[in-house]
Every structure is written in C-alpha cells, then in structure tokens.
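K.L.:
Before I ask anything, here is the structure I am working with.
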Amino acid sequence: MPGAAERGAELREQMEAFVARLRGGGGRPRSEDTARHTLALLRKIIAHGHWGSAGELMELIRAEGRRMAAAQPSETTVGNMVRRVLKVIREEYGRLRGRSEESDQQESLHKLLTSGGLNEDFNTSYPTLKANVIEAINELLIELEGTTDNIAMQALEHIHSNEVIMTIGYSRTVEAFLKEAARKRKFQVIVAECAPFCQGHEMAVRLSKENIETTVMSDAAIFAVMSRVNKVIIGTKTILANGALIAVSGTHTLALAAKHHSTPLIVCAPMFKLSPQFPNEEDSFHKFVSPQEVLPFTEGEILAKINVHCPVFDYVPPELITLFISNIGGNAPSYIYRLMSELYHPDDYEL
Amino acid sequence: MAARGAARRGAGAGPGRGPDPQEEPPPPLQAVLVADSFNRRFFPISKDRPRALLPMANVAMIDYTLEFLTATGVEETFVFCCWKSAEIKEHLQKSKWCRHTSPNTVRFVTSDLYRSLGDVLRDVDAKSLVRSDFILVTGDVVSNFNISAALEEHKLRRKMEKNVSDDIVIAMDSATNRVLHYQRTQGLKRFRFPMNLFQNSIENVEVRHDLLDCHISICSPQVAELFTDNFDYQTRDDFVRGLLVNEEVLGNQIHMHVTTEEYGAHICNLLMYEAVCSDIIRRWVYPLTPEMNFTDDENQSYTHSKHNIYRGVDVSLGHGSVLEENVLIGQGTVVGSNCSITNSVIGQNCKIGDKVVLDGAFLWDNVQIADNVEIFHSVVCDNAEVKEEVKLKPHCVLSSQVVVGPGITLSEGTVISLHPPDEEEEDDDQFSDDSGVNKEENKVKLKGYNKKDVGSEGKGYLWKADDKNEEDEEEQRQSLWGKEEFRVVTWGWADRLFFQNEVLGTLQRGEEENISCDNLVLEINSLKYAYNIGLKEMMQVLSKVILEFPLQQLDANLDSQNYFSALLPLLKNWTPLFKNYIKRASDHLNALFAIEEFFLEHDSLCTSIAKVLMTFYQLEILEEDVILNWFSLRDTSDKGKQLRKNQRLQKFIQWLEEAEEESSDGDQD
C-alpha cells in the first residue's frame, strides 16, 4: 500500500529528526515538550507500525524507545514516557483479557506461591487493542498538559504572606507556582543566579514582571543568606527511584545550606519526571557541555595544561529534601517508590 | 597551544547592491565541499587514504564537516573529489548522509582534472550547480558553529566575508567588518599597509593578527563567475587578493565574521590535527562529542566517564592499567596489563601489550603494539605494528602497514612509510591513483629495508619531505608538522637575485670592455625596469655588487689590504654610477645600510670599512652629514653596534666631525 509506505517513511524521518534534535543538546528544551513529542511519536508508531499482538508491539516500542533514550541519556523524560506507554499496553491487554486491574498489579506472596509466577505471553491479538491503546495515550497527553496547572494550584497551601522564598536557576514549574501564589499573597523571592549559564537572571525578570519582589544573588552567597530564608522551592530535571534529584548544577549547594539551617526544601516536579532508575556510574545522567562557559577559549595557552569541565546537572541525595509537590499532590521522598510502582511495571525498569 | 579567537569565515562575493525583494520562497541552502586539499601537506599518510577520510577521534574528518553543514540547515551539498575519489564516495554512501531520510542531499562530482580550488569553482560555474548563496568549505573543517547568524547578515549585505588565519594579518573596517587589506605573514615581523587603506572615508581601521582561519566561506553566485573570468585564480588567497586589488573597479567586497564563543578549525597540518583531536575529546566542540555518535555508526558508541575517558564497546583493560585522562578507546581494543594511557586516541580492534606508555598517541584502527613500548605525541596509522621495546619520540609518524622492529628508538620527527621516498620523483602526475602501484612493487623487490631506520624486523622507509627547491611556488614549503623548514622563497626575492646577477654581469663587462659610465647607467636602468625593482632595492643591490666585485677576483685571499687595493680603482671608475643614483639623503642612507650589511656579512674585511667610507667621502659620493647620521643611529642590531665600535671607523668618524666643524667654521667666516 503506497499510503502505508509513505507514512512509514514519514514516520522514520520524524524519528530521525527527533533523535538528531535530542542529540544536538542545544538550547534547553522544556521537559514537557520532549515528553509530548515522545508520546506523539509513539502514538504514530502504534498507529502505523507493523505488529500483530501486544508482545510484538511492546518489542517494537522498546526498540524505538531504547534508541531515543540512548540519543541523550540525560533526557530521562523520553525513557519515562516509553515506560508509561508500555504500562498502558499491558493494562489494556489485561483488560481485554478479562483480568481485573487489581490482580495484575500486586505480586502478593500468596499469588507467588499459588500461581507459580506470571505467565503472560501477550501473544493473543485483539483487534480493539490498537484503538484502546491510542485512546489511553491521548489521555496521557491531556494529563501532561495539565501538570503545571495542577502543581500551581497547590501554591496557596505552601506559601504564606511575608515569607522569604529562595530558588535557583530557571524552572518553569516554579515560576508558575510562585505566580499563582502571588495573586493572593505578598512575599519576597531570592533567586540564585546558577552559574555558569546564569538562568536565574531570566527567572528574576519574569517574576518581577508579576510584581513579586525579587532579588538576584550569586551562588556564593547562598549560605550567607540562608538564615533569612523561610522556604526553598526548586524545580528539577529528573526524580530518581530513591527520591534523589538530578537538578541543575548548584542545587546540591543550595540543598546542603538549607539542611544546615533546617529550612524546608520543596521540589515542584510533575510526575512524568519520575524515572525508575537508580543513580550509578554507568547510566551517567550527566551532561558535560563545552567548557567554553567556564573558561573561554580565548584564555589561550593555559588551556593545554589544565582540564576544564562544565557539568550541567547535580545530584541531590534524598535526605536533603523535605517535600515533593507533583500534579498528584504532595509527597515525602520516602514515598516515591510507591508512586513509581503505580506508574511503571517492574519489567520495564530496564528498557 | 596558541591562543585562538575562533574566527568564523563567511565569504560571499557580490556587487554592493541591496537584496532583491524575495517574493518566492528562498531557495534551499547549498554547499560546496571540496574534498581535496590540492597540496601534499599530509604525505605520506594521504598517499594511502585521502585527507578527508583521516580519522579525528575515530570519525572521518569529512563527517564532521557534513554534520556542521547539516546542522546549519544546508539541504544540498556538492562534494568535489579528485584524489582517491572512489574511497570518499564509498565512505559517504555508507554513511548516514546518503540515506533518503537525511535532510541534506549529497551529490558527488568527481574529476581527475582538478588541480586547485580555482578549477573546482570554475566547474561549479560551468555546470551552474548553485542557484544562490552557497557555503564553501574544504573537507577538513571541524566546527560547531551555527552559521545562520552570519548567513542572515550575508543575505542582508550580499557581500563577501573573509576569514583570517593565524598567519595572516588583516586590516578591516571595524564598523562594517569589511576586509581592507590582507597579507600572509610568512614569518615576517614587519608589515606594510598601503596608504589608501587609511585615506578612505573609513573611520576605524582595525588590524587583527590573532584570528584563526576556519576556511568556511559564504559565497554569492558571483564568486564562481569571478573564478571563471580570472584563469589565474588558483587558491582562495589569489581570489581574495585579486578582489581586494580590484575592489574599486568592480565593487566587490569581502567581509569577515569573528566569533569568540564557538569552535571552528581547519586541519592543515599534523599539529592542528593533534590540537583539534584533543579539543574534541575535551568537549570543546560540543555537541560533536564522541559519545554522541552523530554518524549513527554502531561501532562508534562510546560511554563517557570521569576525566573524559571514552570507552567503546568490548574494550578490555588488563590488570593494573590506568586510563588517566582524555582517552578515547575504540571498539574491540585489548589493552594489556600495567599500561598507562593519557591524552590519546586509540582506534578500533587495536592490540596493546603490557607495560605500554602512551602519551599523546594517535593510533588508528588495527594497530598492534607489543610490550614495553613508549609512544609520545605521535601518529600511528592503520594496520601498523610496533614491536617490543620501541620508543617513539614526539612528532613521529608511522604510516599504514609499517612495521617498526624491536628495540629501536625513533628520533623526533621521523616519518616512516611503506612508499619509498624517491618514488615521488618519477610520479609526474601527482594526483593519479593507480599509476604508482606497479612501480612500487618493483622498487620493494629491489631495495631491502634499512635496518637502522626501522629495526631488525621492520618494514618501511624513512620519508623525507621533498627537498627540491621550486622557486616559483608562492607558499612556503612546510613540513608535515607545519614547522617552517628553510628560507622563504618569494616572488620578490627570486627577482632580486636575477637582477643582482644581471648587474654583476653588466659591471663585469663594463670593466673588461671599458664601457663608459653613461652606458652602464643606461643598462642598469633598463634592468631595473625589466625586473621591476624599486629604487631603494636597486641602490642596495648596486652597492652590494660593487663591494663584492673584488671578492670574485681575489678568491681565497680575503685580506683587507688586498681587498681594498682591488676595490679602490673600481670605485674611482664607477663614481659617476654612484653619483647618478645617490641623489637624495634617503639614497645615501640606503647605500650606507647596504655597505653595513656587506661588511657584516664579511667580518674579515671589517677593518677596511673605514677606508671604504673614506673613499666614498672623498669621491663625494656620500656626504658627511649622512655618514654621521648613520653612525649615530640608535636602533641597530648588535652586530651593527659592534661594527661601529671598530676603532678605525671611530677614528674616521672623529676626523669627519672635525672636518665638518672646520668647514662650518669656515662657512661662518
């Protein structure tokens, strides 16, 4: 069918373009946009791909997902969305099979002993599977769009009048959070500029446009000012399975200072940023960009004798975090494992 | 490493008209990639592999260039190949740029007739391949620029921009970045700028010496036409110079784009190769880093670890081996125990033995290194083998398939290749691929391998750069490593030598045949016009020739006395000659400088300098003011100062001063 071949070719082109853009690493793509693109691409693959049963579909998605995730390991939302889609497929398959949702999820001791392990083979093909999965993905997309608003809606509970709030860098989620609170309350914000990219400047400009009293300061002054701060609210790039953060470089300093002064550290992040991976050497969520920002090339001779690194992200251990605010509400870091089991299936943790 | 303000080149030529209003959608951006450098800088490495395919961090150079073009948004690239075009074509056809999903279509144009950049551009014009502005690059450019800003500027101006390099001095108008004057340094320390640069109505002229040329140019379609019109434009330099000279006539302009934040480099010699390789590994060219695997090649997936260590798939490290920092190891390589590797690039499927020290080593694919080897700052090409206990000092090159025997130490700068060095003399057609093959086999059977060069089990010949002095080449002859070897032979010098010989001949004839001085003057004048020598230079040459004249007759007896006694009659005879040419004060000074130079060269005759000057003074060729002026010049070289300390000379100067006082007293009276 010429139509299918065309669509297949177009799909592959879009995949290539997406992978190339991920690899390019330039700019600072919004995680939400990346997530949305990934979901749209996966939906296309499901709609136009060649697959017969749920098993084949999952293999297909897994292969494509692995490729996309490998293009830029620090963009974890891509992998997260792939895992969500796999979970969706499993769910829809189970529903069509007739099993109830509950029994699928929990691997209780009783089940382990009696049934001798799950033997889902996903090989039966159901004609309505495609439509169901695509509809579920559409629901996911709608959920994605509402995340920022959901988070912002909780602002009033956490920010009180005449408080001094500290943040670092530029997070769109935190920006929405603070703007929502500013509609009803009056408070001050101190923004740490977050060298070497200095995105804190942009954040401060945007906040001050909403008539929020904003102060910008350098990262070195974080500890000095921390005693005057009531709360620290930050955004993050990824939430790891143990409740730790991969956030912009400089966040660890902020978290340590907050811990020292017993200031609560609140992380505003939507659920699609939650990744089932644990921190270890191999997976390297780290992104090292050109050292140009740290020590410009024009410095000349000295560059041959020294090594300059410019990491983009920081690791913040879970002990330093007080609260996670996500689109499903506020949670402690120790509860992350439960949230994860609801979002992803254990077999999908390794793509 | 030298400081580099990474300068971008944008080049485009065009008459200074404004842009036409565009009613139709803009045509797709095209690029012309010249995959041949038309010089032999990288011989003998590029005898086996074309320069565009040399691996930088295990990725061929041309891939970097294409990636840069694709990222800029180029939609159609024309790759022009000449030397080893089949290999380049094969490589690109297997790569991701020839898949039909690639946003950049690559078209090949091959011909064996290309001899220079000019030929390529003339072909571009003849085939009408480009429809609008295009980007012109060579195949060995590594950069992460986003040209779109300069493209926009270019479209606005539709003028040509120029980039400059480390050995180029450029004068530009700082307001519009327009290039006004351009000159290669060639090791000179002083430069001259024509006055009309500064006399135009341009307010600020900047002279830059610190920029690096990346050989990326944005050209407007007129560039190709200009090459067709001017048959003698062979290289980019010709073109720029021609354009700048004819600027007022044709209204074409060149502009330059300088950027300090992005990275761009053109690999013109092995030093640059080394530097850019280390920069890629230290992530200066982000996002073109090794682990990004932008070529989509399965063999090229690396994991990036601390201290810029990149390991490919299936790499095995022996016990006790240490990868210190800035190391790239290709797929399938096996490293033995107790090795120490720093700042190196190792290709695929290499085998490295035990206790090996690699520092700044660039090993390509399938290299075998035995135990106890030390390699510093060297390049080892494909399939080469290095046996036990070998030490390679810095800047060595082992070409393809070479074997270097056990226990040998190669001194700095050694180049070993399987191609015997004198094969080149018989190769008339330097760009033919296959004609040399049969000859090579025969040669190998005839000669054995020199054991001193390559060790007892070695295979290969010591390669020397071509020593033939080709005087009509404008560029300097540079060795593989980019260091300058011997004297600069430029157009001007060659002329001057000829002129000098001619003048000598004239004077000799004059002496033998007793030709009158007027006729001699006539002859020398006509020579001056024939060789286009300036007055000052002529003065210097003349003085030098005359002073050297006795030397030829005396041969061995370089004694001051004899010399002077031979010189005196000559000077007397040729006084009118001198008088004719030495009229103004500056001429006097020039003559004195020439005399000084001559005596500096011939130290043994120093003592007679006073007598010579005395003679000149008495024959009224030189005036005392000028002599005193010259003597009291402060900024002379050390040797010059020593010359002046010569006793007799000082006595002469003293006498002159007294004489002057007397004469001035006399005047007053």
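Each chain in the structure tokens gets a letter, A, B and so on, in the order shown; residues start at 1 in every chain, and ligands are counted from 1 in the order they appear.
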Restrict the distance test to only C-alpha atoms, flag each residue of chain B within 10 Å of chain A, and return the flagged residues as a ChimeraX atom specification.
P.N.:
/B:1-6,71,100-103,260-263,275,278-280,282-289,291-294,296,301,303-308,325-326
K.L.:
Taking 2 positions as the minimum chain separation for residues in the same chain, which residues sit within 9 Å of range 198-204 of chain A when counting only C-alpha atoms? Answer as JSON, numbers by chain.
P.N.:
{"A": [167, 168, 169, 170, 171, 172, 175, 189, 190, 191, 192, 193, 194, 195, 196, 206, 207, 208, 209, 214, 215, 216, 217]}
K.L.:
If DSSP is run on the backbone, what residues of range 212-279 of chain A are helix (DSSP H, G or I)? A reply as number ranges by chain would be ideal.
P.N.:
A: 219-228, 251-260, 271-273
K.L.:
Which one of B:Leu542, B:Leu522, B:Leu129, B:Ala35 sits closest to Leu92 in chain B if you count only C-alpha atoms?
P.N.:
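Closest residue, counting only C-alpha atoms: B:Ala35.
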K.L.:
Residues at most 6 Å from range 223-235 of chain B, counting only C-alpha atoms, excluding those fewer than 3 positions away in the same chain, as a PyMOL selection string?
P.N.:
chain B and resi 13+116-118+121-122+125+220+238-239
K.L.:
Would you put the residues from that selection into a file with N, CA, C and O atoms, as a compact mmCIF listing (two decimals), in the first residue's frame?
P.N.:
```txt
# COMPACT_ATOMS: atom_id res chain seq x y z
N ALA B 13 30.79 36.81 -2.30
CA ALA B 13 31.21 37.95 -3.09
C ALA B 13 29.99 38.52 -3.75
O ALA B 13 29.02 37.82 -4.01
N SER B 116 43.22 22.58 -8.39
CA SER B 116 43.21 23.62 -7.37
C SER B 116 41.77 24.00 -7.08
O SER B 116 40.85 23.61 -7.78
N LEU B 117 41.62 24.81 -6.07
CA LEU B 117 40.30 25.30 -5.71
C LEU B 117 39.68 26.06 -6.87
O LEU B 117 38.48 26.00 -7.12
N GLY B 118 40.53 26.76 -7.59
CA GLY B 118 40.02 27.54 -8.71
C GLY B 118 39.34 26.66 -9.75
O GLY B 118 38.26 26.97 -10.25
N LEU B 121 35.89 25.67 -8.58
CA LEU B 121 34.88 26.71 -8.67
C LEU B 121 34.53 27.02 -10.11
O LEU B 121 33.39 27.36 -10.43
N ARG B 122 35.51 26.88 -11.00
CA ARG B 122 35.18 27.09 -12.40
C ARG B 122 34.21 26.03 -12.88
O ARG B 122 33.29 26.30 -13.65
N ASP B 125 30.79 26.86 -11.72
CA ASP B 125 30.16 27.86 -12.57
C ASP B 125 29.73 27.25 -13.89
O ASP B 125 28.63 27.49 -14.38
N SER B 220 28.44 34.30 -2.68
CA SER B 220 27.28 34.53 -3.54
C SER B 220 27.63 33.98 -4.91
O SER B 220 28.79 33.75 -5.20
N ASP B 238 44.58 33.83 -3.81
CA ASP B 238 44.59 34.60 -5.06
C ASP B 238 43.31 35.39 -5.18
O ASP B 238 43.31 36.56 -5.55
N PHE B 239 42.24 34.69 -4.91
CA PHE B 239 40.94 35.30 -5.10
C PHE B 239 40.78 36.52 -4.20
O PHE B 239 40.37 37.59 -4.64
```
K.L.:
Excluding range 264-272 of chain A and its own-chain neighbours fewer than 4 positions away, which residues fall within 6 Å of it when counting only C-alpha atoms? Please give them as a PyMOL selection string.
P.N.:
chain A and resi 147+231-235+321-327
